[in-house]
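Student: You'll find start-v8.txt just under this line, and it carries compact mmCIF, N, CA and C atoms and all ligand atoms.
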```txt
# COMPACT_ATOMS: atom_id res chain seq x y z
N MET A 11 -46.84 25.70 -114.94
CA MET A 11 -47.25 26.83 -114.13
C MET A 11 -46.81 26.59 -112.69
N GLU A 12 -46.72 27.69 -111.96
CA GLU A 12 -46.55 27.58 -110.52
C GLU A 12 -47.87 27.92 -109.85
N LEU A 13 -48.18 27.20 -108.82
CA LEU A 13 -49.33 27.51 -107.98
C LEU A 13 -48.78 27.77 -106.59
N VAL A 14 -48.96 28.98 -106.12
CA VAL A 14 -48.41 29.37 -104.82
C VAL A 14 -49.51 30.02 -103.99
N GLY A 15 -49.30 30.07 -102.71
CA GLY A 15 -50.25 30.75 -101.85
C GLY A 15 -49.90 30.55 -100.39
N HIS A 16 -50.80 31.02 -99.57
CA HIS A 16 -50.64 30.88 -98.13
C HIS A 16 -51.91 30.28 -97.54
N VAL A 17 -51.73 29.51 -96.50
CA VAL A 17 -52.85 28.99 -95.72
C VAL A 17 -52.91 29.82 -94.44
N ARG A 18 -54.06 30.42 -94.21
CA ARG A 18 -54.21 31.29 -93.05
C ARG A 18 -55.52 30.98 -92.35
N ASP A 19 -55.64 31.46 -91.12
CA ASP A 19 -56.91 31.34 -90.43
C ASP A 19 -57.79 32.53 -90.79
N LEU A 20 -58.96 32.61 -90.19
CA LEU A 20 -59.91 33.66 -90.57
C LEU A 20 -59.47 35.05 -90.11
N ARG A 21 -58.48 35.12 -89.21
CA ARG A 21 -57.92 36.42 -88.80
C ARG A 21 -56.76 36.84 -89.70
N GLY A 22 -56.32 35.92 -90.55
CA GLY A 22 -55.20 36.22 -91.44
C GLY A 22 -53.87 35.75 -90.92
N ASP A 23 -53.87 35.04 -89.79
CA ASP A 23 -52.62 34.51 -89.26
C ASP A 23 -52.24 33.22 -89.98
N PRO A 24 -50.96 33.02 -90.26
CA PRO A 24 -50.55 31.82 -91.00
C PRO A 24 -50.81 30.54 -90.20
N ILE A 25 -51.17 29.50 -90.92
CA ILE A 25 -51.30 28.16 -90.34
C ILE A 25 -50.13 27.35 -90.88
N SER A 26 -49.20 27.06 -89.98
CA SER A 26 -48.03 26.30 -90.42
C SER A 26 -48.37 24.82 -90.45
N ASN A 27 -47.68 24.11 -91.29
CA ASN A 27 -47.77 22.65 -91.39
C ASN A 27 -49.10 22.15 -91.93
N ALA A 28 -49.92 23.01 -92.50
CA ALA A 28 -51.12 22.52 -93.18
C ALA A 28 -50.68 21.69 -94.39
N VAL A 29 -51.46 20.70 -94.72
CA VAL A 29 -51.17 19.90 -95.92
C VAL A 29 -52.13 20.34 -97.02
N VAL A 30 -51.55 20.73 -98.13
CA VAL A 30 -52.33 21.15 -99.29
C VAL A 30 -52.22 20.06 -100.34
N GLU A 31 -53.35 19.53 -100.74
CA GLU A 31 -53.40 18.52 -101.80
C GLU A 31 -54.09 19.15 -103.00
N ILE A 32 -53.58 18.89 -104.17
CA ILE A 32 -54.26 19.33 -105.39
C ILE A 32 -54.36 18.16 -106.36
N TRP A 33 -55.35 18.24 -107.22
CA TRP A 33 -55.44 17.30 -108.33
C TRP A 33 -56.18 18.01 -109.46
N HIS A 34 -55.79 17.69 -110.66
CA HIS A 34 -56.46 18.28 -111.83
C HIS A 34 -56.22 17.41 -113.05
N CYS A 35 -56.94 17.73 -114.09
CA CYS A 35 -56.84 16.94 -115.31
C CYS A 35 -55.60 17.35 -116.11
N ASP A 36 -55.28 16.53 -117.09
CA ASP A 36 -54.14 16.85 -117.97
C ASP A 36 -54.56 17.88 -119.02
N THR A 37 -53.71 18.14 -119.96
CA THR A 37 -54.02 19.19 -120.95
C THR A 37 -55.19 18.83 -121.85
N GLN A 38 -55.55 17.54 -121.87
CA GLN A 38 -56.66 17.09 -122.71
C GLN A 38 -57.94 16.87 -121.89
N GLY A 39 -57.93 17.33 -120.64
CA GLY A 39 -59.13 17.21 -119.81
C GLY A 39 -59.35 15.83 -119.24
N ARG A 40 -58.28 15.06 -119.09
CA ARG A 40 -58.40 13.69 -118.60
C ARG A 40 -57.73 13.56 -117.23
N TYR A 41 -58.44 12.90 -116.32
CA TYR A 41 -57.90 12.68 -114.97
C TYR A 41 -57.15 11.36 -114.90
N ALA A 42 -56.11 11.34 -114.12
CA ALA A 42 -55.39 10.10 -113.82
C ALA A 42 -56.14 9.40 -112.70
N HIS A 43 -57.30 8.90 -113.01
CA HIS A 43 -58.19 8.33 -111.99
C HIS A 43 -59.12 7.35 -112.68
N VAL A 44 -59.51 6.31 -111.96
CA VAL A 44 -60.40 5.31 -112.56
C VAL A 44 -61.74 5.92 -112.98
N GLY A 45 -62.10 7.05 -112.37
CA GLY A 45 -63.35 7.70 -112.72
C GLY A 45 -63.26 8.61 -113.93
N ASN A 46 -62.07 8.72 -114.53
CA ASN A 46 -61.93 9.54 -115.73
C ASN A 46 -62.91 9.05 -116.79
N ASN A 47 -63.73 9.95 -117.26
CA ASN A 47 -64.70 9.54 -118.29
C ASN A 47 -64.67 10.48 -119.48
N ASN A 48 -63.50 11.06 -119.71
CA ASN A 48 -63.39 11.99 -120.83
C ASN A 48 -62.72 11.33 -122.02
N GLY A 49 -62.82 10.02 -122.12
CA GLY A 49 -62.31 9.32 -123.28
C GLY A 49 -60.80 9.20 -123.27
N GLY A 50 -60.33 8.00 -123.46
CA GLY A 50 -58.90 7.78 -123.55
C GLY A 50 -58.20 7.86 -122.21
N ALA A 51 -56.97 7.41 -122.23
CA ALA A 51 -56.19 7.39 -121.00
C ALA A 51 -55.58 8.76 -120.74
N ALA A 52 -55.40 9.06 -119.47
CA ALA A 52 -54.74 10.30 -119.08
C ALA A 52 -53.28 10.26 -119.52
N ASP A 53 -52.69 11.42 -119.63
CA ASP A 53 -51.28 11.57 -119.97
C ASP A 53 -50.42 10.83 -118.94
N ALA A 54 -49.74 9.81 -119.39
CA ALA A 54 -48.94 8.99 -118.47
C ALA A 54 -47.76 9.77 -117.89
N ASP A 55 -47.40 10.87 -118.52
CA ASP A 55 -46.27 11.67 -118.03
C ASP A 55 -46.70 12.77 -117.07
N PHE A 56 -47.99 12.81 -116.77
CA PHE A 56 -48.50 13.81 -115.82
C PHE A 56 -49.04 13.08 -114.60
N GLN A 57 -48.54 13.46 -113.44
CA GLN A 57 -48.88 12.78 -112.19
C GLN A 57 -50.33 12.98 -111.80
N GLY A 58 -50.89 14.15 -112.04
CA GLY A 58 -52.31 14.38 -111.79
C GLY A 58 -52.66 14.77 -110.36
N TYR A 59 -51.75 14.57 -109.43
CA TYR A 59 -52.02 14.79 -108.01
C TYR A 59 -50.73 15.20 -107.33
N GLY A 60 -50.85 16.05 -106.33
CA GLY A 60 -49.69 16.39 -105.55
C GLY A 60 -50.10 16.85 -104.17
N ALA A 61 -49.20 16.76 -103.23
CA ALA A 61 -49.45 17.22 -101.86
C ALA A 61 -48.17 17.82 -101.31
N VAL A 62 -48.30 18.93 -100.62
CA VAL A 62 -47.16 19.56 -99.96
C VAL A 62 -47.59 20.01 -98.57
N ARG A 63 -46.60 20.18 -97.72
CA ARG A 63 -46.86 20.71 -96.38
C ARG A 63 -46.46 22.18 -96.38
N ALA A 64 -47.37 23.04 -95.92
CA ALA A 64 -47.09 24.48 -95.87
C ALA A 64 -45.96 24.75 -94.88
N GLY A 65 -45.22 25.81 -95.16
CA GLY A 65 -44.14 26.19 -94.28
C GLY A 65 -44.63 26.89 -93.03
N ALA A 66 -43.70 27.34 -92.21
CA ALA A 66 -44.03 28.01 -90.95
C ALA A 66 -44.83 29.28 -91.19
N ASP A 67 -44.65 29.89 -92.36
CA ASP A 67 -45.39 31.11 -92.69
C ASP A 67 -46.69 30.81 -93.44
N GLY A 68 -47.03 29.52 -93.51
CA GLY A 68 -48.26 29.12 -94.20
C GLY A 68 -48.13 29.03 -95.71
N SER A 69 -46.94 29.25 -96.23
CA SER A 69 -46.78 29.27 -97.69
C SER A 69 -46.70 27.86 -98.26
N TYR A 70 -47.17 27.75 -99.47
CA TYR A 70 -47.04 26.49 -100.20
C TYR A 70 -46.74 26.79 -101.65
N ARG A 71 -46.24 25.80 -102.36
CA ARG A 71 -45.88 25.99 -103.77
C ARG A 71 -45.94 24.66 -104.49
N PHE A 72 -46.56 24.70 -105.66
CA PHE A 72 -46.56 23.55 -106.56
C PHE A 72 -46.02 24.00 -107.91
N ARG A 73 -45.40 23.09 -108.60
CA ARG A 73 -45.09 23.28 -110.01
C ARG A 73 -45.90 22.22 -110.76
N THR A 74 -46.73 22.67 -111.68
CA THR A 74 -47.60 21.74 -112.38
C THR A 74 -47.84 22.25 -113.80
N ILE A 75 -48.81 21.70 -114.46
CA ILE A 75 -49.18 22.15 -115.81
C ILE A 75 -50.50 22.90 -115.73
N ILE A 76 -50.75 23.72 -116.71
CA ILE A 76 -52.06 24.36 -116.80
C ILE A 76 -53.05 23.30 -117.28
N PRO A 77 -54.08 23.03 -116.47
CA PRO A 77 -55.00 21.96 -116.86
C PRO A 77 -55.82 22.33 -118.09
N GLY A 78 -56.25 21.31 -118.80
CA GLY A 78 -57.20 21.51 -119.88
C GLY A 78 -58.61 21.60 -119.32
N VAL A 79 -59.56 21.41 -120.17
CA VAL A 79 -60.96 21.43 -119.74
C VAL A 79 -61.63 20.14 -120.19
N TYR A 80 -62.72 19.82 -119.55
CA TYR A 80 -63.52 18.67 -119.98
C TYR A 80 -64.97 19.11 -120.05
N PRO A 81 -65.80 18.35 -120.74
CA PRO A 81 -67.17 18.82 -120.98
C PRO A 81 -67.90 19.22 -119.71
N GLY A 82 -68.50 20.37 -119.75
CA GLY A 82 -69.32 20.85 -118.63
C GLY A 82 -68.58 21.68 -117.61
N ARG A 83 -67.26 21.74 -117.70
CA ARG A 83 -66.49 22.46 -116.69
C ARG A 83 -65.52 23.44 -117.34
N VAL A 84 -65.25 24.50 -116.59
CA VAL A 84 -64.22 25.44 -116.98
C VAL A 84 -62.91 24.97 -116.34
N ARG A 85 -61.80 25.55 -116.75
CA ARG A 85 -60.49 25.18 -116.20
C ARG A 85 -60.48 25.37 -114.69
N HIS A 86 -60.00 24.37 -113.95
CA HIS A 86 -60.00 24.45 -112.49
C HIS A 86 -59.01 23.46 -111.90
N ILE A 87 -58.68 23.68 -110.65
CA ILE A 87 -57.82 22.77 -109.88
C ILE A 87 -58.54 22.44 -108.59
N HIS A 88 -58.64 21.16 -108.28
CA HIS A 88 -59.25 20.72 -107.02
C HIS A 88 -58.22 20.82 -105.90
N ALA A 89 -58.71 21.10 -104.71
CA ALA A 89 -57.79 21.18 -103.57
C ALA A 89 -58.48 20.73 -102.29
N ASN A 90 -57.70 20.05 -101.47
CA ASN A 90 -58.07 19.76 -100.08
C ASN A 90 -56.99 20.39 -99.22
N ILE A 91 -57.40 21.05 -98.14
CA ILE A 91 -56.42 21.62 -97.22
C ILE A 91 -56.73 21.07 -95.84
N HIS A 92 -55.73 20.40 -95.27
CA HIS A 92 -55.86 19.76 -93.97
C HIS A 92 -54.97 20.47 -92.96
N ALA A 93 -55.52 20.76 -91.80
CA ALA A 93 -54.71 21.30 -90.72
C ALA A 93 -55.24 20.73 -89.41
N GLU A 94 -54.33 20.54 -88.49
CA GLU A 94 -54.67 19.91 -87.22
C GLU A 94 -55.79 20.68 -86.51
N ASP A 95 -56.74 19.96 -85.99
CA ASP A 95 -57.84 20.51 -85.19
C ASP A 95 -58.76 21.47 -85.98
N ARG A 96 -58.77 21.31 -87.27
CA ARG A 96 -59.67 22.13 -88.11
C ARG A 96 -60.34 21.22 -89.12
N PRO A 97 -61.55 21.60 -89.53
CA PRO A 97 -62.18 20.80 -90.58
C PRO A 97 -61.42 20.94 -91.90
N THR A 98 -61.34 19.86 -92.64
CA THR A 98 -60.70 19.89 -93.96
C THR A 98 -61.50 20.79 -94.90
N LEU A 99 -60.79 21.63 -95.61
CA LEU A 99 -61.42 22.45 -96.63
C LEU A 99 -61.26 21.76 -97.98
N THR A 100 -62.37 21.49 -98.63
CA THR A 100 -62.36 20.96 -99.99
C THR A 100 -62.88 22.06 -100.90
N THR A 101 -62.08 22.44 -101.88
CA THR A 101 -62.47 23.57 -102.71
C THR A 101 -61.93 23.39 -104.12
N GLN A 102 -62.19 24.36 -104.95
CA GLN A 102 -61.64 24.37 -106.30
C GLN A 102 -61.10 25.76 -106.58
N MET A 103 -59.97 25.79 -107.26
CA MET A 103 -59.37 27.04 -107.70
C MET A 103 -59.73 27.27 -109.16
N TYR A 104 -60.15 28.48 -109.45
CA TYR A 104 -60.47 28.86 -110.84
C TYR A 104 -59.41 29.83 -111.35
N PHE A 105 -59.34 29.92 -112.65
CA PHE A 105 -58.33 30.78 -113.29
C PHE A 105 -58.95 32.13 -113.66
N PRO A 106 -58.17 33.19 -113.54
CA PRO A 106 -58.69 34.51 -113.94
C PRO A 106 -58.81 34.60 -115.45
N ASP A 107 -59.63 35.51 -115.88
CA ASP A 107 -59.77 35.80 -117.31
C ASP A 107 -60.25 34.61 -118.12
N GLU A 108 -61.02 33.75 -117.50
CA GLU A 108 -61.62 32.62 -118.22
C GLU A 108 -63.07 32.99 -118.49
N PRO A 109 -63.42 33.20 -119.75
CA PRO A 109 -64.80 33.62 -120.03
C PRO A 109 -65.84 32.59 -119.61
N GLY A 110 -65.45 31.34 -119.48
CA GLY A 110 -66.41 30.31 -119.10
C GLY A 110 -66.70 30.24 -117.62
N ASN A 111 -65.98 31.00 -116.79
CA ASN A 111 -66.20 30.89 -115.35
C ASN A 111 -67.66 31.10 -114.98
N ALA A 112 -68.25 32.14 -115.52
CA ALA A 112 -69.62 32.49 -115.12
C ALA A 112 -70.63 31.43 -115.53
N ARG A 113 -70.27 30.61 -116.49
CA ARG A 113 -71.20 29.58 -116.95
C ARG A 113 -70.93 28.21 -116.32
N ASP A 114 -69.81 28.11 -115.58
CA ASP A 114 -69.44 26.81 -115.02
C ASP A 114 -70.51 26.32 -114.06
N VAL A 115 -70.84 25.04 -114.16
CA VAL A 115 -71.96 24.48 -113.41
C VAL A 115 -71.77 24.60 -111.90
N LEU A 116 -70.54 24.53 -111.42
CA LEU A 116 -70.31 24.66 -109.98
C LEU A 116 -70.03 26.10 -109.58
N PHE A 117 -69.21 26.79 -110.36
CA PHE A 117 -68.83 28.16 -110.01
C PHE A 117 -70.07 29.06 -109.89
N ARG A 118 -71.02 28.88 -110.77
CA ARG A 118 -72.18 29.77 -110.75
C ARG A 118 -73.10 29.50 -109.56
N ARG A 119 -72.90 28.36 -108.89
CA ARG A 119 -73.70 28.07 -107.69
C ARG A 119 -73.14 28.73 -106.44
N VAL A 120 -71.91 29.24 -106.51
CA VAL A 120 -71.32 29.91 -105.35
C VAL A 120 -72.15 31.17 -105.09
N PRO A 121 -72.60 31.35 -103.84
CA PRO A 121 -73.70 32.28 -103.60
C PRO A 121 -73.41 33.78 -103.61
N SER A 122 -72.17 34.21 -103.65
CA SER A 122 -71.94 35.65 -103.63
C SER A 122 -70.75 36.02 -104.49
N ASP A 123 -70.70 37.29 -104.92
CA ASP A 123 -69.56 37.77 -105.71
C ASP A 123 -68.27 37.62 -104.93
N ALA A 124 -68.32 37.94 -103.63
CA ALA A 124 -67.10 37.86 -102.81
C ALA A 124 -66.60 36.43 -102.72
N ALA A 125 -67.51 35.48 -102.57
CA ALA A 125 -67.11 34.08 -102.48
C ALA A 125 -66.56 33.60 -103.82
N ARG A 126 -67.20 34.00 -104.90
CA ARG A 126 -66.68 33.62 -106.22
C ARG A 126 -65.30 34.22 -106.45
N ASP A 127 -65.13 35.50 -106.09
CA ASP A 127 -63.82 36.14 -106.27
C ASP A 127 -62.73 35.41 -105.50
N ALA A 128 -63.08 34.90 -104.32
CA ALA A 128 -62.08 34.22 -103.49
C ALA A 128 -61.62 32.90 -104.12
N LEU A 129 -62.39 32.39 -105.05
CA LEU A 129 -62.03 31.11 -105.69
C LEU A 129 -61.21 31.30 -106.96
N ILE A 130 -61.04 32.54 -107.37
CA ILE A 130 -60.27 32.81 -108.60
C ILE A 130 -58.86 33.21 -108.21
N ALA A 131 -57.89 32.46 -108.72
CA ALA A 131 -56.49 32.76 -108.43
C ALA A 131 -56.11 34.10 -109.05
N ARG A 132 -55.07 34.68 -108.51
CA ARG A 132 -54.51 35.92 -109.04
C ARG A 132 -53.27 35.57 -109.85
N LYS A 133 -53.19 36.07 -111.06
CA LYS A 133 -52.04 35.76 -111.89
C LYS A 133 -50.96 36.80 -111.66
N GLU A 134 -49.74 36.33 -111.46
CA GLU A 134 -48.60 37.22 -111.33
C GLU A 134 -47.73 37.05 -112.56
N SER A 135 -47.16 38.14 -113.00
CA SER A 135 -46.28 38.03 -114.15
C SER A 135 -44.95 37.44 -113.69
N ALA A 136 -44.53 36.45 -114.38
CA ALA A 136 -43.28 35.77 -114.07
C ALA A 136 -42.89 34.98 -115.31
N GLU A 137 -41.67 34.52 -115.33
CA GLU A 137 -41.22 33.75 -116.49
C GLU A 137 -42.09 32.53 -116.70
N THR A 138 -42.37 31.84 -115.62
CA THR A 138 -43.32 30.74 -115.64
C THR A 138 -44.65 31.29 -115.16
N PRO A 139 -45.76 30.98 -115.84
CA PRO A 139 -47.05 31.49 -115.34
C PRO A 139 -47.23 31.13 -113.86
N ARG A 140 -47.57 32.12 -113.07
CA ARG A 140 -47.71 31.90 -111.63
C ARG A 140 -49.09 32.36 -111.19
N PHE A 141 -49.77 31.47 -110.50
CA PHE A 141 -51.10 31.76 -109.99
C PHE A 141 -51.06 31.69 -108.47
N VAL A 142 -51.65 32.70 -107.85
CA VAL A 142 -51.64 32.80 -106.39
C VAL A 142 -53.04 32.47 -105.89
N PHE A 143 -53.10 31.49 -105.00
CA PHE A 143 -54.38 31.06 -104.44
C PHE A 143 -54.22 30.93 -102.93
N ASP A 144 -54.69 31.94 -102.23
CA ASP A 144 -54.62 31.92 -100.76
C ASP A 144 -55.89 31.31 -100.21
N VAL A 145 -55.74 30.53 -99.15
CA VAL A 145 -56.91 29.90 -98.54
C VAL A 145 -56.98 30.26 -97.06
N HIS A 146 -58.19 30.32 -96.57
CA HIS A 146 -58.44 30.64 -95.16
C HIS A 146 -59.25 29.51 -94.56
N LEU A 147 -58.76 28.98 -93.45
CA LEU A 147 -59.45 27.88 -92.78
C LEU A 147 -60.17 28.38 -91.54
N ALA A 148 -61.36 27.84 -91.33
CA ALA A 148 -62.12 28.16 -90.12
C ALA A 148 -61.49 27.47 -88.93
FE FE B 1 -62.54 18.57 -111.94
```
Show me the file's structure as structure tokens.
Tutor:
Amino acid sequence: MELVGHVRDLRGDPISNAVVEIWHCDTQGRYAHVGNNNGGAADADFQGYGAVRAGADGSYRFRTIIPGVYPGRVRHIHANIHAEDRPTLTTQMYFPDEPGNARDVLFRRVPSDAARDALIARKESAETPRFVFDVHLA
């Protein structure tokens, strides 16, 4: 899949040179991390983590795999977004059309419909599945 988006401030202006980090489990719900507790080793052919620097227009792009799920969680991608002179945003991206979203232990704690909607990527039709996840930094 492709994961693309823009990093912007709260007015909608692009934040250039932000660093976007993502990490997620492999197709079997296993993390490439010592804390992986979903049984067995993670897929050795999947890196599990990536970081890119956003362009001048705030855009970023990853090519990765669609993560699996692990007990207690719906499909998701973790993200940290760092930009100079701003607090780091730590968040999770959720996938659209996942029936388990509403039952996810973390997603359901998000306090408003608008906030939950902002955490769900938008799927674009493309040859490779493409998910758009825009972030706004305070
Ligand atoms: Fe996770």
Student: To check your reading of the model: which residues sit at most 12 Å from ligand FE 1 (chain B) when counting only C-alpha atoms and all ligand atoms? Write the answer as an NGL selection string.
Tutor: :A and (32-36 or 39-43 or 45-48 or 58-59 or 77-89 or 101-104 or 114-117)
Student: Can you list, as a PyMOL selection string, every residue of chain A that DSSP puts in strand (DSSP E or B)?
Tutor: chain A and resi 12-19+24+29-33+59-63+69-73+86-92+99-104+130+132-134+140-142+145-147
Student: Skip segment 62-69 of chain A itself and residues of its chain fewer than 3 positions away, then list as a ChimeraX atom specification all residues within 7 Å of it, counting only N, CA and C atoms.
Tutor: /A:14-18,23-32
Student: Counting only C-alpha atoms, which of A:Ala148, A:Val142, A:Val120, A:Ala136 gets nearest to Pro106 of chain A?
Tutor: A:Val142
Student: Report, in Å with one decimal, the straight-line distance from atom C of Ile76 of chain A to atom C of Ala125 of chain A.
Tutor: 21.7 Å
Student: Which is closer to Ala112 of chain A than all the others in A:Ala52, A:Leu13, A:Ile130, A:Ile91, using only C-alpha atoms?
Tutor: A:Ile130
Student: In Å, with one decimal, what is the gap from atom CA of Thr37 of chain A to atom CA of Asp144 of chain A?
Tutor: 23.9 Å
Student: To one decimal place in Å, what is the distance between atom CA of Gly110 of chain A and atom CA of Ala61 of chain A?
Tutor: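 Separation between atom CA of Gly110 of chain A and atom CA of Ala61 of chain A: 27.5 Å.
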Student: Smallest atom-to-atom distance to Arg126 of chain A: which of A:Val44, A:Asn111, A:Gln57, A:Val145, using only C-alpha atoms?
Tutor: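 Closest to Arg126 of chain A of all the choices is A:Asn111.
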Student: Got a sec to tell me which of chain A DSSP assigns to helix (DSSP H, G or I), as a list in words?
Tutor: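 Output for chain A, helix (DSSP H, G or I) only: Asn111, Ala112, Arg113, Phe117, Arg118, Arg119, Asp123, Ala124, Ala125, Arg126, Asp127 and Ala128 of chain A.
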Student: Could the residues in this selection be saved with N, CA and C atoms as a PDB file, in the coordinates of the input?
Tutor:
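Full text of again_36.pdb as output:
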```
ATOM      1  N   ASN A 111     -65.980  31.000-116.790  1.00  0.00           N
ATOM      2  CA  ASN A 111     -66.200  30.890-115.350  1.00  0.00           C
ATOM      3  C   ASN A 111     -67.660  31.100-114.980  1.00  0.00           C
ATOM      4  N   ALA A 112     -68.250  32.140-115.520  1.00  0.00           N
ATOM      5  CA  ALA A 112     -69.620  32.490-115.120  1.00  0.00           C
ATOM      6  C   ALA A 112     -70.630  31.430-115.530  1.00  0.00           C
ATOM      7  N   ARG A 113     -70.270  30.610-116.490  1.00  0.00           N
ATOM      8  CA  ARG A 113     -71.200  29.580-116.950  1.00  0.00           C
ATOM      9  C   ARG A 113     -70.930  28.210-116.320  1.00  0.00           C
ATOM     10  N   PHE A 117     -69.210  26.790-110.360  1.00  0.00           N
ATOM     11  CA  PHE A 117     -68.830  28.160-110.010  1.00  0.00           C
ATOM     12  C   PHE A 117     -70.070  29.060-109.890  1.00  0.00           C
ATOM     13  N   ARG A 118     -71.020  28.880-110.770  1.00  0.00           N
ATOM     14  CA  ARG A 118     -72.180  29.770-110.750  1.00  0.00           C
ATOM     15  C   ARG A 118     -73.100  29.500-109.560  1.00  0.00           C
ATOM     16  N   ARG A 119     -72.900  28.360-108.890  1.00  0.00           N
ATOM     17  CA  ARG A 119     -73.700  28.070-107.690  1.00  0.00           C
ATOM     18  C   ARG A 119     -73.140  28.730-106.440  1.00  0.00           C
ATOM     19  N   ASP A 123     -70.700  37.290-104.920  1.00  0.00           N
ATOM     20  CA  ASP A 123     -69.560  37.770-105.710  1.00  0.00           C
ATOM     21  C   ASP A 123     -68.270  37.620-104.930  1.00  0.00           C
ATOM     22  N   ALA A 124     -68.320  37.940-103.630  1.00  0.00           N
ATOM     23  CA  ALA A 124     -67.100  37.860-102.810  1.00  0.00           C
ATOM     24  C   ALA A 124     -66.600  36.430-102.720  1.00  0.00           C
ATOM     25  N   ALA A 125     -67.510  35.480-102.570  1.00  0.00           N
ATOM     26  CA  ALA A 125     -67.110  34.080-102.480  1.00  0.00           C
ATOM     27  C   ALA A 125     -66.560  33.600-103.820  1.00  0.00           C
ATOM     28  N   ARG A 126     -67.200  34.000-104.900  1.00  0.00           N
ATOM     29  CA  ARG A 126     -66.680  33.620-106.220  1.00  0.00           C
ATOM     30  C   ARG A 126     -65.300  34.220-106.450  1.00  0.00           C
ATOM     31  N   ASP A 127     -65.130  35.500-106.090  1.00  0.00           N
ATOM     32  CA  ASP A 127     -63.820  36.140-106.270  1.00  0.00           C
ATOM     33  C   ASP A 127     -62.730  35.410-105.500  1.00  0.00           C
ATOM     34  N   ALA A 128     -63.080  34.900-104.320  1.00  0.00           N
ATOM     35  CA  ALA A 128     -62.080  34.220-103.490  1.00  0.00           C
ATOM     36  C   ALA A 128     -61.620  32.900-104.120  1.00  0.00           C
TER      37      ALA A 128
END
```
Student: Identify which of the residues A:Ala124, A:Ile75, A:Leu129, A:Ala93 lies closest to Phe105 of chain A, counting all atoms listed in the file when measuring atom-to-atom distances.
Tutor: A:Leu129
Student: Around all of segment 129-133 of chain A's listed atoms, make the axis-aligned box with 6 Å on each side and tell me centre and edge lengths in Å to one decimal, as AutoDock Vina command-line options.
Tutor:
```
--center_x -56.7 --center_y 34.0 --center_z -108.5 --size_x 23.4 --size_y 17.7 --size_z 18.8
```
Student: Restricting the calculation to only N, CA and C atoms, which member of A:Phe143, A:Glu12, A:Glu134, A:Asp53 is positioned closest to Phe72 of chain A?
Tutor: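 With only N, CA and C atoms as the atom set, the closest residue is A:Glu12.
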